[in-house]
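Dropping upload_1.tsv in here (TSV, N, CA and C atoms):
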chain	number	residue	atom	x	y	z
A	13	MET	N	-46.50	-64.13	42.75
A	13	MET	CA	-45.23	-63.53	43.10
A	13	MET	C	-45.06	-63.62	44.61
A	14	LYS	N	-43.95	-64.17	45.04
A	14	LYS	CA	-43.69	-64.27	46.47
A	14	LYS	C	-43.60	-62.87	47.07
A	15	ALA	N	-43.81	-62.79	48.38
A	15	ALA	CA	-43.82	-61.49	49.06
A	15	ALA	C	-42.50	-60.73	48.87
A	16	GLU	N	-41.36	-61.43	48.99
A	16	GLU	CA	-40.06	-60.77	48.83
A	16	GLU	C	-39.90	-60.23	47.42
A	17	ARG	N	-40.27	-61.05	46.44
A	17	ARG	CA	-40.15	-60.66	45.04
A	17	ARG	C	-41.11	-59.50	44.74
A	18	SER	N	-42.30	-59.57	45.32
A	18	SER	CA	-43.28	-58.52	45.12
A	18	SER	C	-42.79	-57.19	45.70
A	19	GLN	N	-42.22	-57.24	46.89
A	19	GLN	CA	-41.68	-56.03	47.51
A	19	GLN	C	-40.55	-55.44	46.65
A	20	LEU	N	-39.68	-56.29	46.15
A	20	LEU	CA	-38.59	-55.84	45.30
A	20	LEU	C	-39.12	-55.23	44.01
A	21	PHE	N	-40.15	-55.85	43.44
A	21	PHE	CA	-40.79	-55.34	42.22
A	21	PHE	C	-41.30	-53.92	42.46
A	22	TYR	N	-42.04	-53.71	43.54
A	22	TYR	CA	-42.59	-52.38	43.81
A	22	TYR	C	-41.51	-51.36	44.17
A	23	GLN	N	-40.47	-51.80	44.81
A	23	GLN	CA	-39.35	-50.91	45.12
A	23	GLN	C	-38.67	-50.45	43.83
A	24	CYS	N	-38.46	-51.37	42.91
A	24	CYS	CA	-37.83	-51.02	41.64
A	24	CYS	C	-38.76	-50.17	40.78
A	25	THR	N	-40.05	-50.41	40.86
A	25	THR	CA	-41.02	-49.59	40.14
A	25	THR	C	-40.99	-48.16	40.68
A	26	PHE	N	-40.94	-48.01	42.00
A	26	PHE	CA	-40.84	-46.69	42.62
A	26	PHE	C	-39.57	-45.97	42.13
A	27	LEU	N	-38.47	-46.69	42.10
A	27	LEU	CA	-37.22	-46.10	41.64
A	27	LEU	C	-37.30	-45.69	40.18
A	28	TYR	N	-37.88	-46.54	39.35
A	28	TYR	CA	-38.03	-46.22	37.93
A	28	TYR	C	-38.84	-44.93	37.75
A	29	VAL	N	-39.97	-44.85	38.43
A	29	VAL	CA	-40.84	-43.67	38.31
A	29	VAL	C	-40.13	-42.43	38.84
A	30	SER	N	-39.36	-42.57	39.90
A	30	SER	CA	-38.63	-41.43	40.46
A	30	SER	C	-37.57	-40.91	39.49
A	31	PHE	N	-36.79	-41.82	38.92
A	31	PHE	CA	-35.78	-41.39	37.95
A	31	PHE	C	-36.43	-40.86	36.67
A	32	GLN	N	-37.56	-41.41	36.29
A	32	GLN	CA	-38.28	-40.92	35.12
A	32	GLN	C	-38.77	-39.49	35.35
A	33	ALA	N	-39.27	-39.19	36.54
A	33	ALA	CA	-39.73	-37.84	36.86
A	33	ALA	C	-38.57	-36.84	36.81
A	34	ILE	N	-37.42	-37.25	37.30
A	34	ILE	CA	-36.24	-36.38	37.22
A	34	ILE	C	-35.86	-36.15	35.76
A	35	TYR	N	-35.83	-37.23	34.99
A	35	TYR	CA	-35.47	-37.14	33.58
A	35	TYR	C	-36.39	-36.15	32.85
A	36	GLN	N	-37.68	-36.25	33.11
A	36	GLN	CA	-38.65	-35.39	32.42
A	36	GLN	C	-38.58	-33.94	32.88
A	37	SER	N	-38.05	-33.70	34.06
A	37	SER	CA	-38.00	-32.34	34.57
A	37	SER	C	-36.71	-31.60	34.24
A	38	ILE	N	-35.73	-32.31	33.68
A	38	ILE	CA	-34.45	-31.68	33.35
A	38	ILE	C	-34.61	-30.83	32.10
A	39	GLY	N	-34.20	-29.62	32.21
A	39	GLY	CA	-34.25	-28.71	31.07
A	39	GLY	C	-33.07	-28.94	30.15
A	40	GLY	N	-33.03	-28.16	29.11
A	40	GLY	CA	-31.88	-28.19	28.24
A	40	GLY	C	-32.01	-29.09	27.03
A	41	ALA	N	-33.21	-29.53	26.72
A	41	ALA	CA	-33.37	-30.40	25.55
A	41	ALA	C	-32.95	-29.66	24.27
A	42	ASP	N	-33.21	-28.36	24.22
A	42	ASP	CA	-32.83	-27.57	23.05
A	42	ASP	C	-31.37	-27.14	23.10
A	43	ASP	N	-30.85	-26.97	24.29
A	43	ASP	CA	-29.48	-26.54	24.47
A	43	ASP	C	-28.83	-27.41	25.55
A	44	ASP	N	-28.12	-28.44	25.12
A	44	ASP	CA	-27.56	-29.40	26.06
A	44	ASP	C	-26.37	-28.87	26.84
A	45	THR	N	-25.99	-27.65	26.62
A	45	THR	CA	-24.89	-27.08	27.39
A	45	THR	C	-25.39	-26.47	28.69
A	46	GLN	N	-26.72	-26.37	28.86
A	46	GLN	CA	-27.26	-25.82	30.10
A	46	GLN	C	-26.89	-26.74	31.26
A	47	PRO	N	-26.59	-26.15	32.40
A	47	PRO	CA	-26.25	-27.01	33.54
A	47	PRO	C	-27.48	-27.77	34.04
A	48	CYS	N	-27.24	-28.91	34.61
A	48	CYS	CA	-28.30	-29.72	35.19
A	48	CYS	C	-28.64	-29.14	36.56
A	49	TRP	N	-29.90	-29.13	36.92
A	49	TRP	CA	-30.35	-28.54	38.18
A	49	TRP	C	-30.29	-29.52	39.34
A	50	MET	N	-30.10	-30.78	39.09
A	50	MET	CA	-30.26	-31.81	40.11
A	50	MET	C	-29.34	-31.56	41.30
A	51	ASP	N	-29.90	-31.78	42.51
A	51	ASP	CA	-29.05	-31.64	43.69
A	51	ASP	C	-28.66	-33.01	44.22
A	52	THR	N	-27.57	-33.05	44.93
A	52	THR	CA	-27.01	-34.32	45.36
A	52	THR	C	-27.85	-35.01	46.43
A	53	SER	N	-28.63	-34.27	47.20
A	53	SER	CA	-29.41	-34.93	48.26
A	53	SER	C	-30.49	-35.84	47.68
A	54	LEU	N	-31.15	-35.41	46.62
A	54	LEU	CA	-32.15	-36.25	45.96
A	54	LEU	C	-31.48	-37.48	45.35
A	55	LEU	N	-30.41	-37.26	44.66
A	55	LEU	CA	-29.69	-38.36	44.02
A	55	LEU	C	-29.12	-39.32	45.06
A	56	ASP	N	-28.63	-38.79	46.16
A	56	ASP	CA	-28.09	-39.62	47.24
A	56	ASP	C	-29.18	-40.49	47.86
A	57	MET	N	-30.37	-39.94	48.05
A	57	MET	CA	-31.48	-40.70	48.59
A	57	MET	C	-31.87	-41.85	47.65
A	58	LEU	N	-31.96	-41.56	46.35
A	58	LEU	CA	-32.31	-42.60	45.38
A	58	LEU	C	-31.20	-43.64	45.26
A	59	SER	N	-29.96	-43.21	45.39
A	59	SER	CA	-28.84	-44.15	45.39
A	59	SER	C	-28.94	-45.11	46.57
A	60	GLY	N	-29.29	-44.59	47.72
A	60	GLY	CA	-29.48	-45.43	48.90
A	60	GLY	C	-30.58	-46.47	48.67
A	61	GLU	N	-31.66	-46.06	48.01
A	61	GLU	CA	-32.75	-46.99	47.70
A	61	GLU	C	-32.30	-48.05	46.68
A	62	LEU	N	-31.48	-47.65	45.71
A	62	LEU	CA	-30.94	-48.62	44.75
A	62	LEU	C	-30.08	-49.67	45.47
A	63	HIS	N	-29.23	-49.22	46.38
A	63	HIS	CA	-28.38	-50.15	47.13
A	63	HIS	C	-29.24	-51.06	48.01
A	64	HIS	N	-30.29	-50.52	48.58
A	64	HIS	CA	-31.20	-51.31	49.41
A	64	HIS	C	-31.87	-52.40	48.56
A	65	ALA	N	-32.33	-52.02	47.37
A	65	ALA	CA	-32.94	-52.99	46.45
A	65	ALA	C	-31.92	-54.06	46.06
A	66	ARG	N	-30.70	-53.66	45.81
A	66	ARG	CA	-29.65	-54.61	45.42
A	66	ARG	C	-29.39	-55.64	46.51
A	67	ARG	N	-29.38	-55.18	47.77
A	67	ARG	CA	-29.19	-56.11	48.88
A	67	ARG	C	-30.34	-57.11	48.95
A	68	HIS	N	-31.56	-56.64	48.71
A	68	HIS	CA	-32.72	-57.53	48.75
A	68	HIS	C	-32.80	-58.44	47.53
A	69	ALA	N	-32.07	-58.12	46.49
A	69	ALA	CA	-32.10	-58.91	45.25
A	69	ALA	C	-31.13	-60.07	45.28
A	70	ALA	N	-30.44	-60.25	46.36
A	70	ALA	CA	-29.44	-61.33	46.43
A	70	ALA	C	-30.06	-62.70	46.16
A	71	HIS	N	-31.33	-62.86	46.47
A	71	HIS	CA	-32.00	-64.15	46.25
A	71	HIS	C	-32.64	-64.26	44.86
A	72	VAL	N	-32.49	-63.21	44.04
A	72	VAL	CA	-33.07	-63.21	42.69
A	72	VAL	C	-31.93	-62.94	41.70
A	73	PRO	N	-31.21	-63.95	41.29
A	73	PRO	CA	-30.01	-63.76	40.46
A	73	PRO	C	-30.24	-63.01	39.15
A	74	THR	N	-31.42	-63.11	38.58
A	74	THR	CA	-31.66	-62.49	37.27
A	74	THR	C	-31.73	-60.97	37.33
A	75	VAL	N	-31.85	-60.39	38.52
A	75	VAL	CA	-31.95	-58.93	38.59
A	75	VAL	C	-30.71	-58.27	39.16
A	76	ILE	N	-29.72	-59.05	39.52
A	76	ILE	CA	-28.51	-58.48	40.11
A	76	ILE	C	-27.76	-57.62	39.10
A	77	GLN	N	-27.54	-58.12	37.89
A	77	GLN	CA	-26.78	-57.36	36.89
A	77	GLN	C	-27.46	-56.03	36.53
A	78	PRO	N	-28.76	-56.01	36.23
A	78	PRO	CA	-29.35	-54.70	35.90
A	78	PRO	C	-29.33	-53.74	37.08
A	79	LEU	N	-29.49	-54.23	38.30
A	79	LEU	CA	-29.39	-53.34	39.45
A	79	LEU	C	-27.98	-52.80	39.61
A	80	ASP	N	-26.98	-53.63	39.34
A	80	ASP	CA	-25.60	-53.16	39.40
A	80	ASP	C	-25.35	-52.08	38.34
A	81	ILE	N	-25.94	-52.23	37.18
A	81	ILE	CA	-25.82	-51.22	36.13
A	81	ILE	C	-26.46	-49.91	36.57
A	82	ALA	N	-27.64	-50.00	37.15
A	82	ALA	CA	-28.32	-48.79	37.63
A	82	ALA	C	-27.49	-48.10	38.72
A	83	ILE	N	-26.92	-48.88	39.62
A	83	ILE	CA	-26.08	-48.31	40.68
A	83	ILE	C	-24.85	-47.64	40.08
A	84	TYR	N	-24.23	-48.27	39.10
A	84	TYR	CA	-23.05	-47.69	38.46
A	84	TYR	C	-23.38	-46.31	37.87
A	85	HIS	N	-24.47	-46.21	37.13
A	85	HIS	CA	-24.82	-44.94	36.50
A	85	HIS	C	-25.26	-43.90	37.52
A	86	CYS	N	-25.90	-44.33	38.58
A	86	CYS	CA	-26.26	-43.41	39.64
A	86	CYS	C	-24.99	-42.88	40.32
A	87	ASN	N	-24.02	-43.75	40.53
A	87	ASN	CA	-22.74	-43.31	41.12
A	87	ASN	C	-22.01	-42.33	40.20
A	88	MET	N	-22.12	-42.55	38.89
A	88	MET	CA	-21.51	-41.61	37.94
A	88	MET	C	-22.16	-40.23	38.07
A	89	LEU	N	-23.47	-40.21	38.22
A	89	LEU	CA	-24.14	-38.92	38.42
A	89	LEU	C	-23.70	-38.28	39.73
A	90	LEU	N	-23.66	-39.06	40.79
A	90	LEU	CA	-23.24	-38.52	42.09
A	90	LEU	C	-21.81	-37.99	42.06
A	91	ALA	N	-20.94	-38.67	41.34
A	91	ALA	CA	-19.54	-38.24	41.27
A	91	ALA	C	-19.39	-36.90	40.55
A	92	ASN	N	-20.32	-36.58	39.68
A	92	ASN	CA	-20.21	-35.35	38.89
A	92	ASN	C	-21.23	-34.29	39.26
A	93	CYS	N	-22.12	-34.59	40.17
A	93	CYS	CA	-23.21	-33.69	40.52
A	93	CYS	C	-22.75	-32.72	41.59
A	94	PRO	N	-23.18	-31.50	41.56
A	94	PRO	CA	-23.98	-30.86	40.52
A	94	PRO	C	-23.16	-30.07	39.51
A	95	GLY	N	-21.97	-29.69	39.85
A	95	GLY	CA	-21.26	-28.70	39.06
A	95	GLY	C	-20.71	-29.15	37.72
A	96	ALA	N	-20.34	-30.39	37.56
A	96	ALA	CA	-19.63	-30.81	36.35
A	96	ALA	C	-20.53	-31.39	35.27
A	97	MET	N	-21.81	-31.27	35.43
A	97	MET	CA	-22.71	-31.93	34.48
A	97	MET	C	-23.44	-30.92	33.61
A	98	ASN	N	-23.65	-31.30	32.36
A	98	ASN	CA	-24.60	-30.59	31.54
A	98	ASN	C	-25.83	-31.48	31.43
A	99	SER	N	-26.91	-30.97	30.89
A	99	SER	CA	-28.16	-31.72	30.89
A	99	SER	C	-28.08	-33.00	30.05
A	100	GLN	N	-27.29	-33.02	28.98
A	100	GLN	CA	-27.19	-34.23	28.17
A	100	GLN	C	-26.50	-35.36	28.93
A	101	PHE	N	-25.43	-35.05	29.63
A	101	PHE	CA	-24.74	-36.03	30.46
A	101	PHE	C	-25.71	-36.62	31.48
A	102	CYS	N	-26.47	-35.77	32.11
A	102	CYS	CA	-27.43	-36.19	33.12
A	102	CYS	C	-28.50	-37.08	32.50
A	103	ARG	N	-29.06	-36.66	31.37
A	103	ARG	CA	-30.11	-37.45	30.71
A	103	ARG	C	-29.58	-38.82	30.27
A	104	ASP	N	-28.36	-38.88	29.77
A	104	ASP	CA	-27.78	-40.15	29.33
A	104	ASP	C	-27.70	-41.16	30.48
A	105	HIS	N	-27.22	-40.70	31.63
A	105	HIS	CA	-27.11	-41.60	32.78
A	105	HIS	C	-28.48	-41.95	33.36
A	106	LEU	N	-29.38	-40.99	33.38
A	106	LEU	CA	-30.73	-41.29	33.85
A	106	LEU	C	-31.42	-42.31	32.94
A	107	ASP	N	-31.20	-42.17	31.64
A	107	ASP	CA	-31.77	-43.13	30.69
A	107	ASP	C	-31.22	-44.54	30.94
A	108	ALA	N	-29.94	-44.65	31.18
A	108	ALA	CA	-29.34	-45.95	31.47
A	108	ALA	C	-29.91	-46.55	32.76
A	109	ILE	N	-30.11	-45.72	33.76
A	109	ILE	CA	-30.69	-46.17	35.02
A	109	ILE	C	-32.11	-46.68	34.78
A	110	MET	N	-32.89	-45.93	34.03
A	110	MET	CA	-34.28	-46.33	33.77
A	110	MET	C	-34.34	-47.63	32.96
A	111	GLN	N	-33.47	-47.79	31.99
A	111	GLN	CA	-33.44	-49.04	31.21
A	111	GLN	C	-33.13	-50.23	32.11
A	112	ALA	N	-32.18	-50.06	33.00
A	112	ALA	CA	-31.81	-51.14	33.91
A	112	ALA	C	-32.95	-51.46	34.87
A	113	LEU	N	-33.61	-50.44	35.38
A	113	LEU	CA	-34.74	-50.68	36.29
A	113	LEU	C	-35.92	-51.31	35.56
A	114	LYS	N	-36.12	-50.93	34.31
A	114	LYS	CA	-37.19	-51.55	33.52
A	114	LYS	C	-36.89	-53.03	33.32
A	115	ALA	N	-35.65	-53.35	33.01
A	115	ALA	CA	-35.25	-54.75	32.84
A	115	ALA	C	-35.45	-55.52	34.14
A	116	THR	N	-35.19	-54.87	35.25
A	116	THR	CA	-35.37	-55.50	36.56
A	116	THR	C	-36.83	-55.83	36.81
A	117	THR	N	-37.70	-54.85	36.59
A	117	THR	CA	-39.13	-55.10	36.85
A	117	THR	C	-39.70	-56.12	35.87
A	118	GLU	N	-39.22	-56.11	34.63
A	118	GLU	CA	-39.67	-57.13	33.67
A	118	GLU	C	-39.24	-58.52	34.11
A	119	ALA	N	-38.02	-58.64	34.59
A	119	ALA	CA	-37.54	-59.95	35.06
A	119	ALA	C	-38.31	-60.41	36.29
A	120	LEU	N	-38.64	-59.47	37.17
A	120	LEU	CA	-39.38	-59.83	38.38
A	120	LEU	C	-40.83	-60.21	38.09
A	121	SER	N	-41.40	-59.65	37.05
A	121	SER	CA	-42.80	-59.93	36.75
A	121	SER	C	-43.00	-61.04	35.73
A	122	ALA	N	-41.91	-61.52	35.14
A	122	ALA	CA	-42.01	-62.58	34.14
A	122	ALA	C	-42.51	-63.87	34.78
A	123	PRO	N	-43.37	-64.61	34.07
A	123	PRO	CA	-43.90	-65.86	34.64
A	123	PRO	C	-42.81	-66.85	35.03
A	124	HIS	N	-41.72	-66.93	34.24
A	124	HIS	CA	-40.66	-67.87	34.58
A	124	HIS	C	-39.92	-67.47	35.84
A	125	ALA	N	-39.99	-66.21	36.23
A	125	ALA	CA	-39.31	-65.76	37.45
A	125	ALA	C	-40.04	-66.25	38.69
A	126	MET	N	-41.33	-66.57	38.54
A	126	MET	CA	-42.10	-67.00	39.70
A	126	MET	C	-42.06	-68.51	39.89
A	127	ALA	N	-41.69	-69.23	38.87
A	127	ALA	CA	-41.66	-70.68	38.97
A	127	ALA	C	-40.47	-71.11	39.82
A	128	SER	N	-40.62	-72.25	40.47
A	128	SER	CA	-39.45	-72.76	41.21
A	128	SER	C	-38.46	-73.29	40.18
A	129	HIS	N	-37.20	-73.08	40.45
A	129	HIS	CA	-36.16	-73.40	39.48
A	129	HIS	C	-35.34	-74.60	39.94
A	130	SER	N	-35.14	-75.51	39.05
A	130	SER	CA	-34.12	-76.52	39.30
A	130	SER	C	-32.80	-75.89	38.87
A	131	THR	N	-31.70	-76.48	39.15
A	131	THR	CA	-30.42	-75.90	38.77
A	131	THR	C	-30.33	-75.74	37.26
A	132	HIS	N	-30.77	-76.74	36.52
A	132	HIS	CA	-30.72	-76.66	35.06
A	132	HIS	C	-31.69	-75.61	34.53
A	133	GLY	N	-32.91	-75.59	35.05
A	133	GLY	CA	-33.92	-74.63	34.61
A	133	GLY	C	-33.51	-73.20	34.93
A	134	TRP	N	-32.88	-73.02	36.08
A	134	TRP	CA	-32.46	-71.70	36.48
A	134	TRP	C	-31.41	-71.15	35.52
A	135	SER	N	-30.43	-71.97	35.15
A	135	SER	CA	-29.37	-71.49	34.26
A	135	SER	C	-29.92	-71.15	32.89
A	136	GLN	N	-30.90	-71.92	32.41
A	136	GLN	CA	-31.52	-71.60	31.12
A	136	GLN	C	-32.28	-70.29	31.19
A	137	THR	N	-32.96	-70.05	32.30
A	137	THR	CA	-33.72	-68.81	32.48
A	137	THR	C	-32.78	-67.62	32.49
A	138	VAL	N	-31.69	-67.71	33.22
A	138	VAL	CA	-30.73	-66.61	33.29
A	138	VAL	C	-30.13	-66.35	31.91
A	139	THR	N	-29.73	-67.40	31.22
A	139	THR	CA	-29.14	-67.25	29.90
A	139	THR	C	-30.13	-66.62	28.93
A	140	ARG	N	-31.37	-67.07	28.97
A	140	ARG	CA	-32.40	-66.54	28.08
A	140	ARG	C	-32.63	-65.05	28.34
A	141	TRP	N	-32.59	-64.63	29.60
A	141	TRP	CA	-32.83	-63.24	29.93
A	141	TRP	C	-31.61	-62.36	29.67
A	142	LEU	N	-30.41	-62.85	29.98
A	142	LEU	CA	-29.21	-62.02	29.86
A	142	LEU	C	-28.74	-61.85	28.43
A	143	THR	N	-28.97	-62.80	27.57
A	143	THR	CA	-28.48	-62.71	26.20
A	143	THR	C	-29.01	-61.46	25.48
A	144	PRO	N	-30.32	-61.17	25.48
A	144	PRO	CA	-30.77	-59.94	24.81
A	144	PRO	C	-30.26	-58.69	25.53
A	145	TRP	N	-30.07	-58.74	26.81
A	145	TRP	CA	-29.61	-57.59	27.59
A	145	TRP	C	-28.22	-57.17	27.17
A	146	ARG	N	-27.36	-58.11	26.90
A	146	ARG	CA	-25.97	-57.79	26.52
A	146	ARG	C	-25.90	-57.08	25.19
A	147	HIS	N	-26.87	-57.29	24.33
A	147	HIS	CA	-26.83	-56.72	22.99
A	147	HIS	C	-27.49	-55.35	22.90
A	148	ARG	N	-27.94	-54.82	24.01
A	148	ARG	CA	-28.59	-53.49	24.00
A	148	ARG	C	-27.59	-52.40	23.96

Spit out the file's structure as structure tokens when you get a sec.
Amino acid sequence: MKAERSQLFYQCTFLYVSFQAIYQSIGGADDDTQPCWMDTSLLDMLSGELHHARRHAAHVPTVIQPLDIAIYHCNMLLANCPGAMNSQFCRDHLDAIMQALKATTEALSAPHAMASHSTHGWSQTVTRWLTPWRHR
């Protein structure tokens, strides 16, 4: 794994673990009407890290779409945080963020992601990876 790709992989792994920790700490599994405790400063910091990862992913086309999905759901949380959310709304968006980050780290660690790509090989790789993603 090239240094840039490796750094992006670890950054996305950090983000995945951070959002997973938030997801696991949210109460209300028994009563989804309970308000979410999350504060905007934590979410804002993680959003900044997602945007930073997205900027660094410009050279890795296969991870741009999942990072954009993660950013979208993080923005949805920020737009509604803290007052307008219940715990189910929060968990749904956090789950979507984690799925997108997992897809990102899988794409970055896949053996075909490390190989040099010709134009034809690159398009086949992107198609092979994006097709299952669209059906989720």

* **Minimum-distance residue to Glu61 in chain A, chosen among A:Ile76, A:Leu90, A:Met110, A:Cys24 (using only N, CA and C atoms)** =>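 Checking each of A:Ile76, A:Leu90, A:Met110, A:Cys24 against Glu61 in chain A, counting only N, CA and C atoms, the winner is A:Cys24.
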
* **CA of Val75 in chain A to atom C of Leu62 in chain A, distance in Å rounded to a single decimal** => 11.7 Å

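With CA of Gln111 in chain A on one side and CA of Ala33 in chain A on the other, the separation reads 14.0 Å.
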
* Asked: In terms of the shortest atom-to-atom distance over all atoms listed in the file, which of A:Ala15, A:Leu58, A:Thr74, A:Leu89 is closest to Phe101 in chain A?
  ->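 When distances to Phe101 in chain A are compared using all atoms listed in the file, the smallest one comes from A:Leu89.
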
* atom C of Pro78 in chain A to atom C of Gln19 in chain A, distance in Å rounded to a single decimal ->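 Those two atoms sit 14.8 Å apart.
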
* Excluding same-chain residues fewer than 6 positions from Ala91 in chain A, what lies within 12 Å of it counting only C-alpha atoms, as an MDAnalysis selection string? -> chainID A and resid 51:52 55:56 59 84:85 97 102 105

* To do: Compile the contact shell of Leu113 in chain A as number ranges by chain: residues with an atom at most 12 Å away, counting only C-alpha atoms, same-chain residues fewer than 2 positions apart removed.
  => A: 20-32, 62, 65-66, 75-83, 85-86, 106-111, 115-120

* To do: Just list the residues in range 34-89 of chain A DSSP gives alpha helix (DSSP H) on the backbone, as an MDAnalysis selection string.
  => chainID A and resid 34:37 52:68 76:89
